[in-house]
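Input: a single structure, listed below in structure tokens.
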Amino acid sequence: MTFFLEVLIGGLLSGVLYALVALGFVLIFKASGVFNFAQGAMVFFAALTFVGFTEVLPGWTGLAPGSGAVFWLAFILALSSMIVLGIATERVVLRPLVNQAPITLFMVTIGLTFFIEGVAQGIWGSHVRRLDLGIEDVPVMFLLDNFDMMISQFDVIAAVLALVMFVALALMFQYTKVGRALRAVADDHQAALSVGIPLKHIWAIVWSVAGFVALIAGLIWGARNGVQFALTFTALKALPVLILGGFTSVPGAIIGGLIIGASEKLAEVYLGPFVGGGIEGWFPYMLAMLFLLVRPEGLFGEKHIDRV
Amino acid sequence: MFYREAGQFKASYQNDQQIFPIRQDQIGFIALMAFMFLVVPFIANQYWLQAVLIPVLIFGLAALGLNILTGYAGQLSLGSAAFMAVGAFGTYNFMLRIDGIPFLVAILLGGLCAAAVGILFGLPSLRIKGFYLAVATLAAQFFIVWVLVKFGWFSNYSSSGVITAQHVSILGIDFRTPEMKYLLTLSIVVVLALLAKNMVRSSTGRKWMAVRDMDVAAEVIGIRLMRTKLQAFAISSFYCGVAGALYAYMYLGTVEPEGFNLDLSFRILFMIIIGGVGSIMGSFIGAAFIVLLPVFLNVAFHGTIGAYVPADLASNLELIIFGALIIFFLIVEPHGLARLWQLTKEKLRLWPFPH
């Protein structure tokens with residue numbers, strides 16, 4: 001039983017991180033109808049930019065390497081780069097493609113993925129780096145002593161960070177003017193335009209917020225597995241989460257992430273041995289696909305009505 | 001002046017329904033075939049045959065398969081490489097386990113295996129649409145590669161699933177030299193491409209396009225959705241499977257399941273985006289473009305900079321240029337290179353008297 005709980009909790013915690021990446025997708029899809037495949041590349045770009053700045057900043061400014069000032073300065077610089085990237089994407093790539101078919105927009109983001117990956121590695125080099133957030137990857141002592149469970153402290157703190165961000169975003173969406181505008185645009189582009197919400201600004205903001213989410217996701221993932229090219233594959237992990245939760249629902253992304261994270265780990269541990277292991281790679285997709293056969297619009301997605 | 005149909009009268013239905021209705025097109029096609037079959041094997045060197053012409057033909061065939069599914073039937077797929085893998089491993093197993101099976105039969109059976117798997121993974125398309133379906137095809141991509149790696153039977157228990165293509169000989173003729181391999185690949189590709197060309201202008205293809213343009217409307221006018229979609233999946237997977245078998249037997253010689261990864265699927269997708277979604281010729285133009293781009297970039301780096309470019313910088317630059325080109329193409333010409341060719345033909349019809 002303890003082992004089961006351990007696997008379950010470990011899965012749920014990694015699910016939070018999937019949800020973090022999926023959240024970036026949902027934000028952009030809701031506001032602009034673009035299925036942004038480049039979200040994974042953005043995560044990679046953000047993490048690499050952050051690490052790159054922490055490496056070069058001490059040399060430029062004379063601050064002590066690894067100090068808090070370097071961390072925050074690098075964070076701000078990385079965040080600004082993400083915002084610039086988001087606005088540039090909206091300007092250069094998406095604006096000329098307004099009113100094109102969704103599949104065209106999807107493919108253009110695949111092109112964008114390659115571009116961002118190339119730029120990120122071109123600037124900062126392509127070797128694997130370590131990212132140290134100052135949180136050690138050790139089991140939580142309290143749980144180990146009292147319940148004999150191995151739960152990584154890092155995972156817990158990362159999940160808490162992610163949850164704080166979810167709450168902050170939810171509050172922003174609910175109570176600020178910008179958030180209201182974002183929700184209006186997500187609801188209905190034309191109606192939002194007709195009450196005077198500037199659509200282009202909103203898109204720029206959404207891409208920036210997605211950049212911010214990508215930065216947080218990149219920091220956590222990067223600290224866990226090292227900042228390397230494989231970070232871009234987090235996007236692939238987020239896809240089944242999206243299908244499960246529905247493309248347009250923020251709570252869906254979170255719950256989908258939790259389900260995928262937990263079931264993936266449980267399947268690997270309990271089903272894996274029967275078929276030779278390594279099923280983590282495809283299990284989420286199969287699960288999502290089977291789920292879709294029952295509910296084609298995902299858990300919380302909008303019901304699609306076909307009209308001729 | 002030279003390219004127009006004026007004066008070419010169609011006196012019979014047979015004439016009216018030819019693949020190439022304009023005489024200049026017929027002449028052009030015959031000339032192209034004569035050149036590809038009779039001239040190229042003698043003038044092209046080893047490098048051109050092995051590294052450019054054969055892969056262009058094979059990838060063109062795979063792109064054609066994806067184009068049938070995505071371009072004509074409107075079902076976005078990100079798993080074409082997996083169906084290529086099924087074709088390659090299927091052909092390998094038929095060659096291995098049935099004594100004296102002719103290569104062409106094995107490749108046909110391999111393609112049929114891919115078609116069967118395609119139907120299986122096409123089943124969700126009946127309920128799922130658009131991006132949701134794209135993600136469902138990713139399930140095929142990861143699952144099939146995993147099965148091929150995990151179960152040794154498929155690769156005759158070689159380490160990490162690597163297969164080495166058997167020696168190919170048809171009617172006593174050996175296919176060892178690049179020239180012979182090129183000719184065999186070309187023959188298969190030409191036959192399948194002509195078949196596809198005919199298919200898309202027959203009722204089959206028109207049904208696909210009706211489903212692509214609006215499936216509910218297609219259903220209302222009496223097109224059976226399930227049959228049409230699964231048919232598109234089957235035929236598309238068959239083409240990909242044959243391409244996969246050729247990829248293993250005519251191009252690389254040894255392949256492993258990991259070689260048919262998501263990257264390859266994306267490359268095939270790019271071929272049809274750049275070549276032209278919903279165009280037979282576009283598939284081949286796109287394949288040529290994607291195969292030749294790295295070669296071209298390599299030459300360009302060495303030509304302009306002259307000095308040695310570090311390998312990782314070069315590969316990053318390649319990524320950047322690749323991504324930028326895709327974005328550029330989609331913004332400037334969302335219908336791909338094939339559309340440019342079509343526009344040229346339209347212009348040629350009027351030239352040199354535009355009015």
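Each chain of the structure tokens is named A, B, ... in the order shown, its residues numbered from 1; ligands are numbered from 1 in display order.
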
Proximity of chain A to chain B: per-residue shortest pair, 6 Å limit, only C-alpha atoms, as a tab-separated table:
residue	atom	partner	partner_atom	distance
A:Val108	CA	B:Ile327	CA	5.4
A:Gly111	CA	B:Gly323	CA	4.2
A:Leu112	CA	B:Gly323	CA	5.7
A:Phe114	CA	B:Gly323	CA	4.8
A:Phe115	CA	B:Ile320	CA	4.3
A:Gly118	CA	B:Asn316	CA	4.5
A:Gly122	CA	B:Asn316	CA	5.7
A:Trp282	CA	B:Phe142	CA	5.3
A:Tyr285	CA	B:Ala139	CA	4.9
A:Met286	CA	B:Ala139	CA	5.8
A:Met289	CA	B:Ala136	CA	5.5
A:Pro296	CA	B:Ile128	CA	5.7
A:Val308	CA	B:Ala217	CA	5.7

Give me a file of those residues, with N, CA and C atoms, as a compact mmCIF listing (two decimals), in the first residue's frame.
# COMPACT_ATOMS: atom_id res chain seq x y z
N VAL A 108 2.74 26.18 -39.08
CA VAL A 108 3.66 27.31 -38.95
C VAL A 108 4.33 27.27 -37.57
N GLY A 111 7.26 25.00 -37.76
CA GLY A 111 8.39 25.73 -38.31
C GLY A 111 9.04 26.60 -37.24
N LEU A 112 8.17 27.24 -36.46
CA LEU A 112 8.65 28.11 -35.38
C LEU A 112 9.46 27.31 -34.37
N PHE A 114 11.38 24.70 -34.91
CA PHE A 114 12.73 24.51 -35.42
C PHE A 114 13.53 25.80 -35.29
N PHE A 115 12.88 26.91 -35.63
CA PHE A 115 13.56 28.20 -35.60
C PHE A 115 14.04 28.52 -34.19
N GLY A 118 16.88 26.28 -33.04
CA GLY A 118 18.13 26.67 -33.68
C GLY A 118 18.71 27.93 -33.06
N GLY A 122 22.02 28.15 -31.05
CA GLY A 122 23.02 28.96 -31.75
C GLY A 122 23.62 30.00 -30.83
N TRP A 282 4.41 5.51 -24.66
CA TRP A 282 3.18 5.57 -25.47
C TRP A 282 1.92 5.46 -24.66
N TYR A 285 -0.62 8.38 -24.60
CA TYR A 285 -1.33 8.61 -25.86
C TYR A 285 -2.46 7.63 -26.05
N MET A 286 -2.17 6.35 -25.72
CA MET A 286 -3.21 5.33 -25.85
C MET A 286 -4.37 5.65 -24.92
N MET A 289 -6.28 8.45 -26.28
CA MET A 289 -7.03 8.06 -27.47
C MET A 289 -8.28 7.28 -27.09
N PRO A 296 -15.29 12.73 -27.26
CA PRO A 296 -14.39 13.30 -28.28
C PRO A 296 -13.92 14.72 -27.97
N VAL A 308 -23.82 22.17 -41.22
CA VAL A 308 -23.47 22.24 -42.64
C VAL A 308 -23.69 23.66 -43.13

Write out as a PDB file with all heavy atoms, in the first residue's frame each polymer residue whose atoms come within 6 Å of Ala238 (chain A), counting only C-alpha atoms; drop sequence neighbours fewer than 3 positions from it.
ATOM      1  N   TYR A  18       3.498  18.324 -16.052  1.00  0.00           N
ATOM      2  CA  TYR A  18       2.902  18.224 -17.391  1.00  0.00           C
ATOM      3  C   TYR A  18       1.847  19.293 -17.561  1.00  0.00           C
ATOM      4  O   TYR A  18       1.748  19.930 -18.612  1.00  0.00           O
ATOM      5  CB  TYR A  18       2.246  16.856 -17.605  1.00  0.00           C
ATOM      6  CG  TYR A  18       3.186  15.684 -17.600  1.00  0.00           C
ATOM      7  CD1 TYR A  18       2.749  14.416 -17.265  1.00  0.00           C
ATOM      8  CD2 TYR A  18       4.511  15.847 -17.956  1.00  0.00           C
ATOM      9  CE1 TYR A  18       3.601  13.335 -17.266  1.00  0.00           C
ATOM     10  CE2 TYR A  18       5.375  14.775 -17.955  1.00  0.00           C
ATOM     11  CZ  TYR A  18       4.918  13.520 -17.604  1.00  0.00           C
ATOM     12  OH  TYR A  18       5.752  12.456 -17.604  1.00  0.00           O
ATOM     13  N   ALA A  22       1.144  22.077 -20.417  1.00  0.00           N
ATOM     14  CA  ALA A  22      -0.138  22.083 -21.126  1.00  0.00           C
ATOM     15  C   ALA A  22      -0.841  23.423 -20.973  1.00  0.00           C
ATOM     16  O   ALA A  22      -1.533  23.882 -21.882  1.00  0.00           O
ATOM     17  CB  ALA A  22      -1.020  20.951 -20.606  1.00  0.00           C
ATOM     18  N   ALA A 235       6.815  19.091 -24.671  1.00  0.00           N
ATOM     19  CA  ALA A 235       5.623  19.447 -25.433  1.00  0.00           C
ATOM     20  C   ALA A 235       4.866  18.190 -25.822  1.00  0.00           C
ATOM     21  O   ALA A 235       3.633  18.153 -25.779  1.00  0.00           O
ATOM     22  CB  ALA A 235       6.010  20.228 -26.678  1.00  0.00           C
ATOM     23  N   VAL A 241      -2.142  15.205 -22.309  1.00  0.00           N
ATOM     24  CA  VAL A 241      -2.787  15.963 -21.239  1.00  0.00           C
ATOM     25  C   VAL A 241      -3.859  16.873 -21.819  1.00  0.00           C
ATOM     26  O   VAL A 241      -4.984  16.951 -21.322  1.00  0.00           O
ATOM     27  CB  VAL A 241      -1.740  16.809 -20.480  1.00  0.00           C
ATOM     28  CG1 VAL A 241      -2.410  17.708 -19.480  1.00  0.00           C
ATOM     29  CG2 VAL A 241      -0.721  15.921 -19.818  1.00  0.00           C
TER      30      VAL A 241
END

Mind checking DSSP for region 122-354 of chain B and telling me the strand (DSSP E) residues as a PyMOL selection string?
chain B and resi 163-164+169-170+173-174+254-255

Can those selected residues be exported to a file as a tab-separated table (two decimals), in the first residue's frame so that it contains N, CA, C and O atoms?
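In the end it all went to result.tsv:
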chain	number	residue	atom	x	y	z
B	163	ILE	N	17.57	-4.39	-38.44
B	163	ILE	CA	17.44	-5.40	-39.48
B	163	ILE	C	18.36	-5.06	-40.64
B	163	ILE	O	18.61	-3.89	-40.94
B	164	THR	N	18.90	-6.09	-41.27
B	164	THR	CA	19.72	-5.91	-42.45
B	164	THR	C	18.96	-6.47	-43.64
B	164	THR	O	18.55	-7.62	-43.63
B	169	SER	N	16.78	-9.97	-55.64
B	169	SER	CA	16.95	-10.30	-57.05
B	169	SER	C	15.59	-10.68	-57.62
B	169	SER	O	14.80	-11.36	-56.97
B	170	ILE	N	15.30	-10.17	-58.80
B	170	ILE	CA	14.02	-10.42	-59.44
B	170	ILE	C	14.27	-11.10	-60.77
B	170	ILE	O	15.02	-10.58	-61.60
B	173	ILE	N	17.69	-11.34	-62.01
B	173	ILE	CA	18.51	-10.12	-62.16
B	173	ILE	C	18.87	-9.62	-60.77
B	173	ILE	O	17.99	-9.44	-59.92
B	174	ASP	N	20.13	-9.38	-60.51
B	174	ASP	CA	20.56	-8.87	-59.22
B	174	ASP	C	20.39	-7.36	-59.13
B	174	ASP	O	20.60	-6.66	-60.12
B	254	THR	N	20.52	-1.20	-43.82
B	254	THR	CA	20.22	-1.61	-42.44
B	254	THR	C	19.40	-0.50	-41.79
B	254	THR	O	19.76	0.67	-41.88
B	255	VAL	N	18.34	-0.90	-41.13
B	255	VAL	CA	17.53	0.10	-40.42
B	255	VAL	C	17.18	-0.44	-39.05
B	255	VAL	O	17.18	-1.65	-38.82

Do a neighbour search on Gly122 (chain B) at 9 Å with only C-alpha atoms, toss out local chain neighbours closer than 4 positions, and write the hits as a PDB file with C-alpha atoms, in the first residue's frame.
ATOM      1  CA  VAL B 117      -2.221  -1.281 -39.174  1.00  0.00           C
ATOM      2  CA  GLY B 118      -3.312   1.974 -40.782  1.00  0.00           C
ATOM      3  CA  LEU B 126     -14.494   8.198 -37.025  1.00  0.00           C
ATOM      4  CA  THR B 137      -1.835   9.325 -34.651  1.00  0.00           C
ATOM      5  CA  LYS B 229     -11.953   7.603 -44.106  1.00  0.00           C
ATOM      6  CA  LEU B 230     -10.702   4.086 -43.487  1.00  0.00           C
ATOM      7  CA  ALA B 232      -7.890   6.818 -47.108  1.00  0.00           C
ATOM      8  CA  PHE B 233      -6.047   5.518 -44.049  1.00  0.00           C
ATOM      9  CA  ALA B 234      -5.451   2.127 -45.668  1.00  0.00           C
TER      10      ALA B 234
END

Report as a VMD selection string: the residues of region 104-237 of chain A with a DSSP assignment of helix (DSSP H, G or I), based on the backbone of this structure.
chain A and resid 104 to 124 141 to 146 153 to 175 177 to 187 189 to 194 199 to 225 229 to 237

Please list as a ChimeraX atom specification every residue within 8 Å of Ile280 (chain B), counting only C-alpha atoms and excluding residues in the same chain fewer than 4 positions away.
/B:64,67,193,196-197,284

Taking 4 positions as the minimum chain separation for residues in the same chain, which residues sit within 8 Å of Val277 (chain B) when counting only C-alpha atoms? Answer as a list in words.
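The contact residues come out as Asn67, Thr70, Gly71, Tyr72, Ile272, Ile273, Gly282, Ser283, His335 and Gly336 of chain B.
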
Would you mind exporting the chosen residues as a PDB file, in the first residue's frame, restricted to N, CA and C atoms?
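Saved as result.pdb:
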ATOM      1  N   ASN B  67       0.109  12.639 -48.266  1.00  0.00           N
ATOM      2  CA  ASN B  67      -0.700  13.621 -48.987  1.00  0.00           C
ATOM      3  C   ASN B  67      -2.092  13.077 -49.286  1.00  0.00           C
ATOM      4  N   THR B  70      -3.711  13.410 -45.718  1.00  0.00           N
ATOM      5  CA  THR B  70      -3.857  14.766 -45.195  1.00  0.00           C
ATOM      6  C   THR B  70      -4.346  15.741 -46.262  1.00  0.00           C
ATOM      7  N   GLY B  71      -3.757  15.648 -47.442  1.00  0.00           N
ATOM      8  CA  GLY B  71      -4.074  16.608 -48.479  1.00  0.00           C
ATOM      9  C   GLY B  71      -5.414  16.334 -49.134  1.00  0.00           C
ATOM     10  N   TYR B  72      -5.733  15.051 -49.381  1.00  0.00           N
ATOM     11  CA  TYR B  72      -6.974  14.748 -50.091  1.00  0.00           C
ATOM     12  C   TYR B  72      -8.106  14.409 -49.150  1.00  0.00           C
ATOM     13  N   ILE B 272       5.177  17.679 -47.623  1.00  0.00           N
ATOM     14  CA  ILE B 272       3.905  17.997 -48.281  1.00  0.00           C
ATOM     15  C   ILE B 272       3.517  19.451 -48.057  1.00  0.00           C
ATOM     16  N   ILE B 273       3.958  20.056 -46.946  1.00  0.00           N
ATOM     17  CA  ILE B 273       3.636  21.485 -46.778  1.00  0.00           C
ATOM     18  C   ILE B 273       4.373  22.294 -47.838  1.00  0.00           C
ATOM     19  N   GLY B 282       3.435  17.735 -56.095  1.00  0.00           N
ATOM     20  CA  GLY B 282       3.971  18.489 -54.964  1.00  0.00           C
ATOM     21  C   GLY B 282       4.720  17.604 -53.991  1.00  0.00           C
ATOM     22  N   SER B 283       4.229  16.355 -53.804  1.00  0.00           N
ATOM     23  CA  SER B 283       4.903  15.461 -52.864  1.00  0.00           C
ATOM     24  C   SER B 283       6.355  15.259 -53.277  1.00  0.00           C
ATOM     25  N   HIS B 335      -0.060  27.183 -50.458  1.00  0.00           N
ATOM     26  CA  HIS B 335      -0.359  25.980 -51.237  1.00  0.00           C
ATOM     27  C   HIS B 335       0.880  25.295 -51.776  1.00  0.00           C
ATOM     28  N   GLY B 336       2.050  25.807 -51.428  1.00  0.00           N
ATOM     29  CA  GLY B 336       3.277  25.088 -51.739  1.00  0.00           C
ATOM     30  C   GLY B 336       3.826  25.328 -53.133  1.00  0.00           C
TER      31      GLY B 336
END

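The list of residues with at least one atom within 10 Å of Phe103 (chain B), based on only C-alpha atoms and without residues fewer than 4 positions apart in the same chain, reads B:Thr91, B:Tyr92, B:Phe94, B:Met95, B:Ile107, B:Leu108, B:Leu109, B:Gln166, B:His167, B:Val168, B:Ser169, B:Ile170, B:Leu171, B:Tyr249.
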
Select, from A:Gly15, A:Gly68, A:Pro198, A:Pro96, the residue with the minimum atom-to-atom distance to Glu264 (chain A), counting only C-alpha atoms.
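Among the listed residues, A:Gly15 lies closest to Glu264 (chain A).
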
What is the CA of Ala38 (chain A)-CA of Thr113 (chain A) distance in Å, reported with one decimal?
4.5 Å
